[in-house]
Every structure is written in structure tokens, then in C-alpha cells.
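Working notes for the structure below.
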Amino acid sequence: MLVKSPKTTSLSVESNHVAIVFKALGSTTRLAILNFLIANPNSNCMKIVEAMPHAQSTVSKHLSELKTAKIITASLDDSVLMYQINKDFISLVQNFVSSIDSHLTPVVTLETKPTKTLSSKYRKNIALKEFNYVFKKNLSNQS
């Protein structure tokens, strides 16, 4: 199944999901929540709110966006949602970065030999010869 973006570029479902994931990671608050969940897996919303300088409604909204992007998962534990990082999200990002890395070619630097310094008159003549300029003979010598 192909999904079309507004610029009419065809994207696979996986590419579309990668775009959604990276868009979701574009928020400092969501990144802070992810860092908290790395250090404190299986945390509920109230634990996360206590660690953040945001209101509970703000944290809940960001948790919902992370869950929609499938970056985190939630499981019910005694009628309380416990959040953890989705392991599929980690492999999705790793695969994406690996595919980019496999297409990159190493940068090769060429060593150049030092060139000897040429006089400015000589350099000017070389530059003029490159453009096929015809030098006129001195008219005073021809008379």
C-alpha cells in the first residue's frame, strides 16, 4: 500500500511510519518523557508528571502522541496505564539509520602536490592563453 504525501511523493507504509516517528521526536517535551521512560520503565502518567515541569494534561497529550506514533506502549496494571518504550520503535529507527549508512560512500581525500610559485606576469599569460587570446605584436617594431 502506498501513501501519498502532499507533494505527491509515493511513500511506503514503513517510510510513512518513519516520518511520523521523527516528527513525534521533534518535541523537547516528548524527548524528555522518553528519557524518563528509559531510566524508569513501566511508569504511570503521575510518575512522569512529577518529574516534568508540565501540567498533567500536557504530559497526557504528549504521551498520547508518542503512543500514536508507536514509540511507546501502554499496558494496564491494576486499572493504571503503565508506559514503556516500544522495542519495535528502536529496531525501526536502527533499520532506518542502517539503510542510510549503507548508501553513504566514504569520503576520499586526495593529496595534492605543492605547486611552485609563479610570477604574476607568468600566471596572467597562462590565464590568457587558456582563453585563446591572440597577442598582437608591438606595432612600433613592425615599422
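So you can find residues: chains in the C-alpha cells are A, B, ... in the order shown, residues in each start at 1, and ligands are numbered from 1 in order.
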
Residues within 12 Å of Val49 (chain A), please, as an MDAnalysis selection string. Count only C-alpha atoms; anything in the same chain fewer than 4 positions from it doesn't count.
chainID A and resid 29 32:33 36:37 43:45 53:63

Identify, with DSSP run on backbone atoms, the residues in region 5-108 of chain A assigned to strand (DSSP E or B), and express the list as a PyMOL selection string.
chain A and resi 10-12+43-44+72-77+80-85

Would you pick out the contacts of His17 (chain A) at 12 Å or less, using only C-alpha atoms, so that residues sharing its chain but fewer than 2 positions from it are not included, and give the list as a PDB file with N, CA and C atoms, in the first residue's frame?
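In the end it all went to part_22.pdb:
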ATOM      1  N   LEU A   2       0.616   2.181  -0.878  1.00  0.00           N
ATOM      2  CA  LEU A   2       1.377   3.405  -0.959  1.00  0.00           C
ATOM      3  C   LEU A   2       0.565   4.554  -0.403  1.00  0.00           C
ATOM      4  N   VAL A   3       1.240   5.413   0.338  1.00  0.00           N
ATOM      5  CA  VAL A   3       0.608   6.589   0.904  1.00  0.00           C
ATOM      6  C   VAL A   3       1.217   7.801   0.225  1.00  0.00           C
ATOM      7  N   LEU A  11       5.243   7.069  -0.853  1.00  0.00           N
ATOM      8  CA  LEU A  11       5.980   6.526   0.284  1.00  0.00           C
ATOM      9  C   LEU A  11       5.383   5.188   0.670  1.00  0.00           C
ATOM     10  N   SER A  12       6.245   4.285   1.085  1.00  0.00           N
ATOM     11  CA  SER A  12       5.737   3.019   1.594  1.00  0.00           C
ATOM     12  C   SER A  12       5.161   3.258   2.982  1.00  0.00           C
ATOM     13  N   VAL A  13       4.442   2.298   3.484  1.00  0.00           N
ATOM     14  CA  VAL A  13       3.854   2.411   4.816  1.00  0.00           C
ATOM     15  C   VAL A  13       4.966   2.558   5.848  1.00  0.00           C
ATOM     16  N   GLU A  14       6.054   1.818   5.675  1.00  0.00           N
ATOM     17  CA  GLU A  14       7.173   1.903   6.622  1.00  0.00           C
ATOM     18  C   GLU A  14       7.809   3.289   6.584  1.00  0.00           C
ATOM     19  N   SER A  15       8.001   3.842   5.395  1.00  0.00           N
ATOM     20  CA  SER A  15       8.582   5.189   5.279  1.00  0.00           C
ATOM     21  C   SER A  15       7.666   6.224   5.916  1.00  0.00           C
ATOM     22  N   ALA A  19       8.496   8.708   9.098  1.00  0.00           N
ATOM     23  CA  ALA A  19       8.247  10.153   9.096  1.00  0.00           C
ATOM     24  C   ALA A  19       7.437  10.563  10.324  1.00  0.00           C
ATOM     25  N   ILE A  20       6.429   9.783  10.670  1.00  0.00           N
ATOM     26  CA  ILE A  20       5.599  10.071  11.851  1.00  0.00           C
ATOM     27  C   ILE A  20       6.442   9.983  13.118  1.00  0.00           C
ATOM     28  N   VAL A  21       7.327   8.982  13.190  1.00  0.00           N
ATOM     29  CA  VAL A  21       8.189   8.806  14.361  1.00  0.00           C
ATOM     30  C   VAL A  21       9.117  10.002  14.523  1.00  0.00           C
ATOM     31  N   PHE A  22       9.771  10.402  13.434  1.00  0.00           N
ATOM     32  CA  PHE A  22      10.702  11.520  13.548  1.00  0.00           C
ATOM     33  C   PHE A  22       9.988  12.836  13.844  1.00  0.00           C
ATOM     34  N   LYS A  23       8.794  12.980  13.349  1.00  0.00           N
ATOM     35  CA  LYS A  23       8.013  14.177  13.678  1.00  0.00           C
ATOM     36  C   LYS A  23       7.678  14.174  15.166  1.00  0.00           C
ATOM     37  N   ALA A  24       7.307  13.024  15.690  1.00  0.00           N
ATOM     38  CA  ALA A  24       6.980  12.920  17.115  1.00  0.00           C
ATOM     39  C   ALA A  24       8.210  13.172  17.985  1.00  0.00           C
ATOM     40  N   THR A  68       0.527   7.128  19.713  1.00  0.00           N
ATOM     41  CA  THR A  68       0.011   7.113  18.339  1.00  0.00           C
ATOM     42  C   THR A  68       1.129   6.821  17.343  1.00  0.00           C
ATOM     43  N   ALA A  69       2.321   7.376  17.609  1.00  0.00           N
ATOM     44  CA  ALA A  69       3.472   7.146  16.732  1.00  0.00           C
ATOM     45  C   ALA A  69       4.119   5.784  16.993  1.00  0.00           C
ATOM     46  N   LYS A  70       3.569   5.031  17.930  1.00  0.00           N
ATOM     47  CA  LYS A  70       4.057   3.696  18.305  1.00  0.00           C
ATOM     48  C   LYS A  70       5.484   3.722  18.840  1.00  0.00           C
ATOM     49  N   ILE A  71       5.834   4.831  19.499  1.00  0.00           N
ATOM     50  CA  ILE A  71       7.140   4.945  20.132  1.00  0.00           C
ATOM     51  C   ILE A  71       7.097   4.337  21.528  1.00  0.00           C
ATOM     52  N   ASP A  88       9.871  -2.305  19.173  1.00  0.00           N
ATOM     53  CA  ASP A  88       9.768  -2.218  17.713  1.00  0.00           C
ATOM     54  C   ASP A  88      10.188  -0.843  17.204  1.00  0.00           C
ATOM     55  N   PHE A  89       9.946   0.177  18.007  1.00  0.00           N
ATOM     56  CA  PHE A  89      10.360   1.530  17.646  1.00  0.00           C
ATOM     57  C   PHE A  89      11.880   1.601  17.546  1.00  0.00           C
ATOM     58  N   LEU A  92      13.012  -0.102  14.412  1.00  0.00           N
ATOM     59  CA  LEU A  92      12.625   0.694  13.249  1.00  0.00           C
ATOM     60  C   LEU A  92      13.645   1.803  12.993  1.00  0.00           C
ATOM     61  N   VAL A  93      14.021   2.512  14.039  1.00  0.00           N
ATOM     62  CA  VAL A  93      14.996   3.594  13.901  1.00  0.00           C
ATOM     63  C   VAL A  93      16.367   3.031  13.540  1.00  0.00           C
ATOM     64  N   PHE A  96      16.338   2.114   9.882  1.00  0.00           N
ATOM     65  CA  PHE A  96      16.339   3.310   9.047  1.00  0.00           C
ATOM     66  C   PHE A  96      17.733   3.929   8.975  1.00  0.00           C
TER      67      PHE A  96
END

Tell me which protein, DNA and RNA residues are within 10 Å of Asn86 (chain A), counting only C-alpha atoms, leaving out same-chain ones fewer than 5 positions away, and put them as a PyMOL selection string.
chain A and resi 66-67+70-74+91

Keeping only N, CA and C atoms, take the residues you just selected and write them out as a tab-separated table (two decimals), in the first residue's frame.
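Ended up saving to again-v7.tsv:
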chain	number	residue	atom	x	y	z
A	66	LEU	N	3.03	10.11	21.53
A	66	LEU	CA	4.08	9.08	21.47
A	66	LEU	C	3.47	7.69	21.25
A	67	LYS	N	2.32	7.48	21.85
A	67	LYS	CA	1.63	6.19	21.69
A	67	LYS	C	1.08	6.05	20.28
A	70	LYS	N	3.57	5.03	17.93
A	70	LYS	CA	4.06	3.70	18.30
A	70	LYS	C	5.48	3.72	18.84
A	71	ILE	N	5.83	4.83	19.50
A	71	ILE	CA	7.14	4.94	20.13
A	71	ILE	C	7.10	4.34	21.53
A	72	ILE	N	5.95	4.47	22.17
A	72	ILE	CA	5.76	3.85	23.48
A	72	ILE	C	4.52	2.96	23.43
A	73	THR	N	4.45	2.07	24.39
A	73	THR	CA	3.27	1.23	24.55
A	73	THR	C	2.73	1.43	25.96
A	74	ALA	N	1.49	1.08	26.14
A	74	ALA	CA	0.86	1.20	27.45
A	74	ALA	C	0.20	-0.13	27.79
A	91	SER	N	14.03	-0.84	16.91
A	91	SER	CA	14.52	-1.53	15.72
A	91	SER	C	14.16	-0.79	14.44

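Among the candidates A:Glu50, A:Ala39, A:Asp77, A:Leu34, the residue lying nearest to Ile90 (chain A) is A:Leu34 (atoms considered: only C-alpha atoms).
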
Selection near Leu76 (chain A), 12 Å with only C-alpha atoms, sequence-local residues under 4 positions removed, as a list of chain:residue names
A:Asn42, A:Ser43, A:Asn44, A:Val80, A:Leu81, A:Met82, A:Tyr83, A:Gln84

Mind writing the picked residues with N, CA, C and O atoms as a short mmCIF file (atom, residue, chain, number, x, y, z; two decimals), in the first residue's frame?
data_model
loop_
_atom_site.label_atom_id
_atom_site.label_comp_id
_atom_site.auth_asym_id
_atom_site.auth_seq_id
_atom_site.Cartn_x
_atom_site.Cartn_y
_atom_site.Cartn_z
N ASN A 42 8.08 1.23 32.71
CA ASN A 42 6.81 0.90 33.35
C ASN A 42 6.39 1.96 34.37
O ASN A 42 6.13 1.65 35.53
N SER A 43 6.35 3.19 33.93
CA SER A 43 5.91 4.28 34.79
C SER A 43 4.52 4.71 34.38
O SER A 43 4.16 4.68 33.21
N ASN A 44 3.75 5.15 35.37
CA ASN A 44 2.42 5.67 35.05
C ASN A 44 2.51 7.16 34.81
O ASN A 44 3.54 7.80 35.01
N VAL A 80 -4.37 0.99 36.08
CA VAL A 80 -3.50 2.14 35.82
C VAL A 80 -2.67 1.83 34.58
O VAL A 80 -2.09 0.75 34.46
N LEU A 81 -2.62 2.79 33.66
CA LEU A 81 -1.80 2.60 32.46
C LEU A 81 -0.33 2.79 32.81
O LEU A 81 0.06 3.80 33.39
N MET A 82 0.47 1.80 32.43
CA MET A 82 1.91 1.86 32.64
C MET A 82 2.57 1.99 31.27
O MET A 82 2.29 1.22 30.35
N TYR A 83 3.45 2.97 31.13
CA TYR A 83 4.07 3.27 29.84
C TYR A 83 5.50 2.74 29.80
O TYR A 83 6.23 2.77 30.79
N GLN A 84 5.86 2.24 28.62
CA GLN A 84 7.23 1.78 28.38
C GLN A 84 7.58 2.04 26.92
O GLN A 84 6.69 2.21 26.08
#

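Between Ser75 (chain A) and the candidates A:Asn16, A:Ala51, A:Leu104, A:Pro41, the tightest atom-to-atom separation, counting only C-alpha atoms, involves A:Pro41.
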
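One finds CA of Met52 (chain A) at 27.7 Å from CA of Gln94 (chain A).
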